[in-house]
$ cat entry.pdb   # PDB, C-alpha atoms, pLDDT in the B column
ATOM      1  CA  ARG M1493     109.286  59.149 103.464  1.00 44.00           C
ATOM      2  CA  PRO M1494     105.982  57.473 102.597  1.00 39.00           C
ATOM      3  CA  LEU M1495     102.871  59.607 102.908  1.00 39.00           C
ATOM      4  CA  VAL M1496     100.102  57.758 104.708  1.00 39.00           C
ATOM      5  CA  GLY M1497      96.687  58.442 106.096  1.00 40.00           C
ATOM      6  CA  VAL M1498      95.616  61.373 103.930  1.00 45.00           C
ATOM      7  CA  ALA M1499      92.326  59.884 102.770  1.00 41.00           C
ATOM      8  CA  ASN M1500      90.780  59.412 106.220  1.00 45.00           C
ATOM      9  CA  SER M1501      92.621  62.093 108.153  1.00 51.00           C
ATOM     10  CA  PRO M1502      91.099  64.828 110.335  1.00 54.00           C
ATOM     11  CA  TRP M1503      92.914  67.277 108.025  1.00 53.00           C
ATOM     12  CA  ARG M1504      90.932  65.869 105.084  1.00 56.00           C
ATOM     13  CA  ALA M1505      87.680  66.353 106.976  1.00 53.00           C
ATOM     14  CA  LEU M1506      88.674  69.878 107.959  1.00 58.00           C
ATOM     15  CA  ASN M1507      89.506  70.823 104.382  1.00 58.00           C
ATOM     16  CA  ALA M1508      86.263  69.367 103.046  1.00 51.00           C
ATOM     17  CA  VAL M1509      84.601  72.584 104.227  1.00 46.00           C
ATOM     18  CA  GLY M1510      86.785  74.567 101.862  1.00 50.00           C
ATOM     19  CA  GLY M1511      86.578  72.155  98.942  1.00 50.00           C
ATOM     20  CA  SER M1512      84.244  74.214  96.802  1.00 47.00           C
ATOM     21  CA  ALA M1513      86.326  77.324  97.337  1.00 46.00           C
ATOM     22  CA  ARG M1514      89.455  75.392  96.361  1.00 46.00           C
ATOM     23  CA  ALA M1515      87.810  74.143  93.187  1.00 48.00           C
ATOM     24  CA  SER M1516      86.615  77.633  92.304  1.00 47.00           C
ATOM     25  CA  ALA M1517      90.046  79.150  92.829  1.00 47.00           C
ATOM     26  CA  THR M1518      91.714  76.368  90.854  1.00 44.00           C
ATOM     27  CA  ASN M1519      89.307  76.697  87.922  1.00 46.00           C
ATOM     28  CA  SER M1520      89.646  80.464  87.896  1.00 42.00           C
ATOM     29  CA  ALA M1521      93.420  80.150  87.800  1.00 41.00           C
ATOM     30  CA  ALA M1522      93.438  77.659  84.935  1.00 39.00           C
ATOM     31  CA  SER M1523      94.658  80.230  82.452  1.00 37.00           C
ATOM     32  CA  ALA M1524      97.495  81.343  84.735  1.00 38.00           C
ATOM     33  CA  VAL M1525      99.632  78.239  84.348  1.00 38.00           C
ATOM     34  CA  ASP M1526     101.916  79.274  81.536  1.00 40.00           C
ATOM     35  CA  GLY M1527     104.434  81.036  83.752  1.00 42.00           C
ATOM     36  CA  LYS M1528     102.999  84.555  83.456  1.00 43.00           C
ATOM     37  CA  PRO M1529     101.959  86.197  86.724  1.00 42.00           C
ATOM     38  CA  GLU M1530     100.347  88.962  84.642  1.00 42.00           C
ATOM     39  CA  ASP M1531      97.764  86.433  83.410  1.00 43.00           C
ATOM     40  CA  PHE M1532      97.030  85.475  86.989  1.00 38.00           C
ATOM     41  CA  ALA M1533      96.592  89.133  87.909  1.00 37.00           C
ATOM     42  CA  HIS M1534      94.243  89.698  84.991  1.00 36.00           C
ATOM     43  CA  ARG M1535      92.158  86.620  85.728  1.00 37.00           C
ATOM     44  CA  PHE M1536      91.488  87.640  89.304  1.00 33.00           C
ATOM     45  CA  ALA M1537      90.950  91.347  88.547  1.00 33.00           C
ATOM     46  CA  LEU M1538      93.430  92.232  91.251  1.00 35.00           C
ATOM     47  CA  GLN M1539      93.216  95.507  93.125  1.00 37.00           C
ATOM     48  CA  GLY M1540      96.665  96.456  94.457  1.00 40.00           C
ATOM     49  CA  TRP M1541      98.902  94.959  97.117  1.00 45.00           C
ATOM     50  CA  GLY M1542      98.679  95.460 100.851  1.00 57.00           C
ATOM     51  CA  ARG M1543     100.553  94.251 103.877  1.00 68.00           C
ATOM     52  CA  GLY M1544      98.638  91.987 106.196  1.00 78.00           C
ATOM     53  CA  ARG M1545      97.735  88.385 106.839  1.00 86.00           C
ATOM     54  CA  TYR M1546      95.110  86.551 104.798  1.00 88.00           C
ATOM     55  CA  TYR M1547      93.467  83.162 105.310  1.00 88.00           C
ATOM     56  CA  THR M1548      92.313  80.495 102.890  1.00 88.00           C
ATOM     57  CA  LYS M1549      89.327  78.224 103.408  1.00 86.00           C
ATOM     58  CA  THR M1550      91.758  75.296 103.291  1.00 88.00           C
ATOM     59  CA  HIS M1551      93.424  76.629 106.448  1.00 90.00           C
ATOM     60  CA  GLU M1552      96.600  78.211 105.178  1.00 93.00           C
ATOM     61  CA  TRP M1553      97.646  81.743 106.071  1.00 93.00           C
ATOM     62  CA  PHE M1554      99.466  84.099 103.720  1.00 93.00           C
ATOM     63  CA  GLU M1555     101.216  87.173 105.086  1.00 91.00           C
ATOM     64  CA  VAL M1556     102.508  89.913 102.811  1.00 90.00           C
ATOM     65  CA  VAL M1557     105.837  90.991 104.294  1.00 88.00           C
ATOM     66  CA  ASP M1558     106.999  93.214 101.454  1.00 85.00           C
ATOM     67  CA  GLU M1559     105.828  94.176  97.993  1.00 84.00           C
ATOM     68  CA  GLY M1560     105.922  90.960  95.997  1.00 91.00           C
ATOM     69  CA  VAL M1561     106.924  88.732  98.935  1.00 94.00           C
ATOM     70  CA  GLY M1562     104.620  86.652 101.114  1.00 95.00           C
ATOM     71  CA  THR M1563     105.017  84.011 103.823  1.00 96.00           C
ATOM     72  CA  VAL M1564     102.877  80.856 103.981  1.00 97.00           C
ATOM     73  CA  GLY M1565     101.949  78.818 107.039  1.00 96.00           C
ATOM     74  CA  ILE M1566      99.044  76.862 108.486  1.00 95.00           C
ATOM     75  CA  THR M1567      96.346  78.036 110.868  1.00 91.00           C
ATOM     76  CA  GLN M1568      95.830  76.834 114.399  1.00 90.00           C
ATOM     77  CA  ALA M1569      92.722  74.969 113.254  1.00 90.00           C
ATOM     78  CA  ALA M1570      94.836  73.025 110.755  1.00 92.00           C
ATOM     79  CA  GLN M1571      97.483  72.346 113.395  1.00 93.00           C
ATOM     80  CA  ARG M1572      94.895  70.970 115.793  1.00 91.00           C
ATOM     81  CA  ALA M1573      93.537  68.681 113.076  1.00 92.00           C
ATOM     82  CA  LEU M1574      97.000  67.369 112.287  1.00 92.00           C
ATOM     83  CA  GLY M1575      98.361  66.886 115.781  1.00 93.00           C
ATOM     84  CA  GLU M1576     102.090  66.801 116.388  1.00 94.00           C
ATOM     85  CA  VAL M1577     104.066  67.365 113.181  1.00 96.00           C
ATOM     86  CA  VAL M1578     107.135  65.128 112.902  1.00 96.00           C
ATOM     87  CA  PHE M1579     108.283  65.786 109.332  1.00 97.00           C
ATOM     88  CA  CYS M1580     107.900  68.627 106.836  1.00 97.00           C
ATOM     89  CA  ARG M1581     108.248  67.954 103.125  1.00 97.00           C
ATOM     90  CA  LEU M1582     109.003  71.399 101.737  1.00 97.00           C
ATOM     91  CA  PRO M1583     109.602  72.577  98.154  1.00 97.00           C
ATOM     92  CA  ARG M1584     112.943  73.687  96.751  1.00 96.00           C
ATOM     93  CA  GLU M1585     113.850  77.290  96.147  1.00 96.00           C
ATOM     94  CA  GLY M1586     112.973  78.276  92.593  1.00 96.00           C
ATOM     95  CA  GLU M1587     109.964  75.972  92.294  1.00 97.00           C
ATOM     96  CA  ARG M1588     106.800  77.615  90.987  1.00 97.00           C
ATOM     97  CA  PHE M1589     103.267  76.882  92.085  1.00 96.00           C
ATOM     98  CA  ARG M1590      99.814  77.755  90.806  1.00 94.00           C
ATOM     99  CA  VAL M1591      96.941  78.726  93.064  1.00 92.00           C
ATOM    100  CA  MET M1592      95.933  75.722  95.189  1.00 92.00           C
ATOM    101  CA  ASP M1593      98.789  73.519  93.993  1.00 96.00           C
ATOM    102  CA  THR M1594     100.202  71.397  96.806  1.00 96.00           C
ATOM    103  CA  LEU M1595     103.038  73.488  98.170  1.00 96.00           C
ATOM    104  CA  ALA M1596     104.159  71.272 101.052  1.00 97.00           C
ATOM    105  CA  THR M1597     103.143  68.198 103.000  1.00 96.00           C
ATOM    106  CA  LEU M1598     103.211  67.901 106.776  1.00 97.00           C
ATOM    107  CA  GLU M1599     103.527  64.458 108.307  1.00 96.00           C
ATOM    108  CA  ALA M1600     102.127  64.032 111.786  1.00 94.00           C
ATOM    109  CA  VAL M1601     102.121  60.977 114.044  1.00 91.00           C
ATOM    110  CA  LYS M1602      98.957  59.516 112.521  1.00 88.00           C
ATOM    111  CA  THR M1603      98.174  61.536 109.419  1.00 92.00           C
ATOM    112  CA  VAL M1604      99.511  63.753 106.656  1.00 93.00           C
ATOM    113  CA  GLY M1605      98.238  67.146 105.549  1.00 94.00           C
ATOM    114  CA  GLU M1606      98.731  68.949 102.259  1.00 95.00           C
ATOM    115  CA  VAL M1607      99.440  72.677 102.286  1.00 96.00           C
ATOM    116  CA  LYS M1608      98.084  74.560  99.280  1.00 95.00           C
ATOM    117  CA  SER M1609      99.641  77.594  97.629  1.00 95.00           C
ATOM    118  CA  PRO M1610      97.389  80.637  98.172  1.00 94.00           C
ATOM    119  CA  VAL M1611      98.870  82.560  95.222  1.00 94.00           C
ATOM    120  CA  TYR M1612     100.719  81.973  91.972  1.00 94.00           C
ATOM    121  CA  GLY M1613     104.363  82.358  92.913  1.00 96.00           C
ATOM    122  CA  GLU M1614     107.934  81.120  93.166  1.00 97.00           C
ATOM    123  CA  VAL M1615     109.603  79.790  96.295  1.00 98.00           C
ATOM    124  CA  ILE M1616     112.422  82.073  97.412  1.00 97.00           C
ATOM    125  CA  GLU M1617     112.984  80.685 100.914  1.00 97.00           C
ATOM    126  CA  VAL M1618     112.000  77.742 103.089  1.00 97.00           C
ATOM    127  CA  ASN M1619     112.063  77.789 106.868  1.00 97.00           C
ATOM    128  CA  PRO M1620     115.509  76.315 107.603  1.00 96.00           C
ATOM    129  CA  ARG M1621     114.603  75.366 111.160  1.00 97.00           C
ATOM    130  CA  LEU M1622     111.910  72.886 110.158  1.00 97.00           C
ATOM    131  CA  GLU M1623     114.372  70.240 108.993  1.00 95.00           C
ATOM    132  CA  GLU M1624     115.568  69.787 112.580  1.00 96.00           C
ATOM    133  CA  GLU M1625     112.562  71.225 114.413  1.00 96.00           C
ATOM    134  CA  PRO M1626     109.346  70.217 112.598  1.00 96.00           C
ATOM    135  CA  ALA M1627     107.470  70.583 115.896  1.00 95.00           C
ATOM    136  CA  LEU M1628     107.644  74.354 115.424  1.00 96.00           C
ATOM    137  CA  VAL M1629     104.640  73.908 113.114  1.00 96.00           C
ATOM    138  CA  THR M1630     102.813  72.300 116.041  1.00 94.00           C
ATOM    139  CA  TYR M1631     103.710  74.769 118.746  1.00 95.00           C
ATOM    140  CA  ALA M1632     104.034  78.026 116.800  1.00 94.00           C
ATOM    141  CA  PRO M1633     102.087  77.640 113.521  1.00 94.00           C
ATOM    142  CA  LEU M1634     101.420  81.386 113.191  1.00 91.00           C
ATOM    143  CA  THR M1635     104.963  82.556 113.925  1.00 94.00           C
ATOM    144  CA  GLU M1636     108.177  80.508 114.056  1.00 96.00           C
ATOM    145  CA  GLY M1637     106.503  77.563 112.351  1.00 97.00           C
ATOM    146  CA  TRP M1638     106.083  79.346 109.010  1.00 97.00           C
ATOM    147  CA  LEU M1639     106.767  77.144 105.983  1.00 98.00           C
ATOM    148  CA  VAL M1640     107.908  79.046 102.889  1.00 98.00           C
ATOM    149  CA  ARG M1641     108.245  82.499 101.407  1.00 97.00           C
ATOM    150  CA  LEU M1642     106.963  83.144  97.900  1.00 97.00           C
ATOM    151  CA  ALA M1643     107.742  85.806  95.346  1.00 96.00           C
ATOM    152  CA  PHE M1644     104.486  86.760  93.654  1.00 95.00           C
ATOM    153  CA  ASP M1645     103.237  89.616  91.523  1.00 91.00           C
ATOM    154  CA  GLY M1646     102.574  91.748  94.588  1.00 85.00           C
ATOM    155  CA  ARG M1647      98.799  91.714  94.294  1.00 83.00           C
ATOM    156  CA  ILE M1648      96.241  89.848  96.378  1.00 83.00           C
ATOM    157  CA  PRO M1649      93.721  87.628  94.557  1.00 83.00           C
ATOM    158  CA  ARG M1650      90.131  88.671  95.078  1.00 82.00           C
ATOM    159  CA  TYR M1651      89.275  85.356  96.773  1.00 81.00           C
ATOM    160  CA  LEU M1652      91.796  86.229  99.513  1.00 80.00           C
ATOM    161  CA  GLN M1653      91.024  89.923  99.890  1.00 69.00           C
ATOM    162  CA  ARG M1654      87.939  89.395 102.043  1.00 63.00           C
ATOM    163  CA  SER M1655      89.794  87.153 104.489  1.00 61.00           C
ATOM    164  CA  ARG M1656      92.260  89.780 105.676  1.00 61.00           C
ATOM    165  CA  ALA M1657      92.701  89.949 109.440  1.00 56.00           C
ATOM    166  CA  VAL M1658      92.128  93.364 110.992  1.00 53.00           C
ATOM    167  CA  ALA M1659      95.543  94.874 111.698  1.00 51.00           C
ATOM    168  CA  ARG M1660      96.057  96.903 114.876  1.00 53.00           C
ATOM    169  CA  ALA M1661      97.231  99.826 112.751  1.00 55.00           C
ATOM    170  CA  ASP M1662      93.818  99.877 111.081  1.00 56.00           C
ATOM    171  CA  VAL M1663      91.959 100.475 114.351  1.00 57.00           C
ATOM    172  CA  GLU M1664      94.483 102.032 116.735  1.00 59.00           C
ATOM    173  CA  HIS M1665      93.362 105.562 115.932  1.00 66.00           C
ATOM    174  CA  LEU M1666      89.776 104.524 116.790  1.00 63.00           C
ATOM    175  CA  LEU M1667      90.472 103.072 120.244  1.00 68.00           C
ATOM    176  CA  ALA M1668      89.541 106.337 121.969  1.00 72.00           C
ATOM    177  CA  ASP M1669      86.330 106.687 119.950  1.00 73.00           C
ATOM    178  CA  ILE M1670      84.138 103.723 120.828  1.00 77.00           C
ATOM    179  CA  PRO M1671      81.207 104.584 118.501  1.00 79.00           C
ATOM    180  CA  ALA M1672      83.624 104.951 115.553  1.00 75.00           C
ATOM    181  CA  LEU M1673      85.328 101.673 116.465  1.00 67.00           C
ATOM    182  CA  GLN M1674      81.961  99.897 116.667  1.00 73.00           C
ATOM    183  CA  GLU M1675      80.989 101.259 113.257  1.00 75.00           C
ATOM    184  CA  PHE M1676      84.321 100.151 111.761  1.00 66.00           C
ATOM    185  CA  LEU M1677      83.879  96.615 113.118  1.00 65.00           C
ATOM    186  CA  ARG M1678      80.238  96.493 112.008  1.00 72.00           C
ATOM    187  CA  GLN M1679      81.236  97.370 108.448  1.00 68.00           C
ATOM    188  CA  HIS M1680      84.156  94.942 108.484  1.00 60.00           C
ATOM    189  CA  LEU M1681      82.023  92.059 109.753  1.00 58.00           C
ATOM    190  CA  ALA M1682      79.210  92.837 107.315  1.00 61.00           C
ATOM    191  CA  ARG M1683      81.693  92.811 104.431  1.00 55.00           C
ATOM    192  CA  ASP M1684      83.103  89.427 105.468  1.00 51.00           C
ATOM    193  CA  GLU M1685      79.775  87.788 106.363  1.00 52.00           C
ATOM    194  CA  GLY M1686      79.164  86.342 102.919  1.00 48.00           C
ATOM    195  CA  ASP M1687      82.644  84.823 102.786  1.00 47.00           C
ATOM    196  CA  GLY M1688      82.672  83.099 106.126  1.00 46.00           C
ATOM    197  CA  GLY M1689      84.691  85.838 107.860  1.00 45.00           C
ATOM    198  CA  PRO M1690      88.397  86.031 108.523  1.00 44.00           C
ATOM    199  CA  GLU M1691      90.214  83.306 110.452  1.00 43.00           C
ATOM    200  CA  ALA M1692      91.004  84.319 113.983  1.00 40.00           C
ATOM    201  CA  ALA M1693      94.705  85.025 114.298  1.00 41.00           C
ATOM    202  CA  GLY M1694      94.937  83.733 117.879  1.00 38.00           C
TER
END
$ encode --input "entry.pdb" --output "structure tokens"
Amino acid sequence: RPLVGVANSPWRALNAVGGSARASATNSAASAVDGKPEDFAHRFALQGWGRGRYYTKTHEWFEVVDEGVGTVGITQAAQRALGEVVFCRLPREGERFRVMDTLATLEAVKTVGEVKSPVYGEVIEVNPRLEEEPALVTYAPLTEGWLVRLAFDGRIPRYLQRSRAVARADVEHLLADIPALQEFLRQHLARDEGDGGPEAAG
């Protein structure tokens, strides 16, 4: 299917905000293109893996579901910019992608959006429902409308680490201690302030 409308699309305008971050991540990953995830890990000075959902400035989300396995989708902001998705061009299993390579393209009624790979990894699964139900990306972008699962080296790049959403498990033990909860949130928000903060998951 022909890809049209990328240049002047709302998606393009939305991603312009994250352009410098994309360029920085791409340049930093330049030495990680020879098929060695270890090089990627070294370049980003990675600091261990952790479950959770992370957000890129180009409006993808990346959720670690197991050690070395992560799911990729788009945020609600990206979905709103695209409108109703009518076709998903997804990669094949076994394909490898560098950080910020185009992982998938989503064709909407009037525009097309490119989905970038948040990590260096290999596709191990695509969402089988999207071939017949591409509108899942429109109506459930954070859940059933996920795009692909990637095998990666199990570590989170530093540029993603500060975008992690706060998991309920991280604060549940603080819910009965309001001052402690306030202090936790103050520290979390202060840490993320310089990086634009995490994307809201709802």
$ atom_distance --input "entry.pdb" --atom1 "CA of Leu1642 in chain M" --atom2 "CA of Lys1602 in chain M"
28.9 Å
$ closest_residue --input "entry.pdb" --among "M:Gly1613, M:Gly1575, M:Pro1649, M:Pro1626" --to "Phe1589 in chain M" --atoms "all atoms listed in the file"
M:Gly1613
$ resolve_selection --input "entry.pdb" --expression "the PyMOL selection byres ((chain M and resi 1577-1587) around 6)" --output "PyMOL selection string"
chain M and resi 1576+1588+1596-1600+1614-1617+1626-1627+1630
$ atom_distance --input "entry.pdb" --atom1 "CA of Ala1632 in chain M" --atom2 "CA of Val1604 in chain M"
18.1 Å
$ residues_around --input "entry.pdb" --residues "range 1558-1562 of chain M" --least-positions-apart "5" --cutoff "12 Å" --atoms "all atoms listed in the file" --output "PDB file with C-alpha atoms, in the frame of the given file"
ATOM      1  CA  PRO M1529     101.959  86.197  86.724  1.00 42.00           C
ATOM      2  CA  GLY M1540      96.665  96.456  94.457  1.00 40.00           C
ATOM      3  CA  TRP M1541      98.902  94.959  97.117  1.00 45.00           C
ATOM      4  CA  GLY M1542      98.679  95.460 100.851  1.00 57.00           C
ATOM      5  CA  ARG M1543     100.553  94.251 103.877  1.00 68.00           C
ATOM      6  CA  GLY M1544      98.638  91.987 106.196  1.00 78.00           C
ATOM      7  CA  ARG M1545      97.735  88.385 106.839  1.00 86.00           C
ATOM      8  CA  TYR M1546      95.110  86.551 104.798  1.00 88.00           C
ATOM      9  CA  TRP M1553      97.646  81.743 106.071  1.00 93.00           C
ATOM     10  CA  SER M1609      99.641  77.594  97.629  1.00 95.00           C
ATOM     11  CA  PRO M1610      97.389  80.637  98.172  1.00 94.00           C
ATOM     12  CA  VAL M1611      98.870  82.560  95.222  1.00 94.00           C
ATOM     13  CA  TYR M1612     100.719  81.973  91.972  1.00 94.00           C
ATOM     14  CA  GLY M1613     104.363  82.358  92.913  1.00 96.00           C
ATOM     15  CA  GLU M1614     107.934  81.120  93.166  1.00 97.00           C
ATOM     16  CA  VAL M1615     109.603  79.790  96.295  1.00 98.00           C
ATOM     17  CA  ILE M1616     112.422  82.073  97.412  1.00 97.00           C
ATOM     18  CA  GLU M1617     112.984  80.685 100.914  1.00 97.00           C
ATOM     19  CA  VAL M1618     112.000  77.742 103.089  1.00 97.00           C
ATOM     20  CA  TRP M1638     106.083  79.346 109.010  1.00 97.00           C
ATOM     21  CA  LEU M1639     106.767  77.144 105.983  1.00 98.00           C
ATOM     22  CA  VAL M1640     107.908  79.046 102.889  1.00 98.00           C
ATOM     23  CA  ARG M1641     108.245  82.499 101.407  1.00 97.00           C
ATOM     24  CA  LEU M1642     106.963  83.144  97.900  1.00 97.00           C
ATOM     25  CA  ALA M1643     107.742  85.806  95.346  1.00 96.00           C
ATOM     26  CA  PHE M1644     104.486  86.760  93.654  1.00 95.00           C
ATOM     27  CA  ASP M1645     103.237  89.616  91.523  1.00 91.00           C
ATOM     28  CA  GLY M1646     102.574  91.748  94.588  1.00 85.00           C
ATOM     29  CA  ARG M1647      98.799  91.714  94.294  1.00 83.00           C
ATOM     30  CA  ILE M1648      96.241  89.848  96.378  1.00 83.00           C
TER      31      ILE M1648
END
$ atom_distance --input "entry.pdb" --atom1 "CA of Arg1572 in chain M" --atom2 "CA of His1551 in chain M"
11.0 Å
$ resolve_selection --input "entry.pdb" --expression "the PyMOL selection byres ((chain M and resi 1566-1568) around 6)" --output "MDAnalysis selection string"
chainID M and resid 1551:1553 1565 1569:1571 1633
$ closest_residue --input "entry.pdb" --among "M:Leu1622, M:Leu1574, M:Val1564, M:Ile1670" --to "Tyr1547 in chain M" --atoms "only C-alpha atoms"
M:Val1564
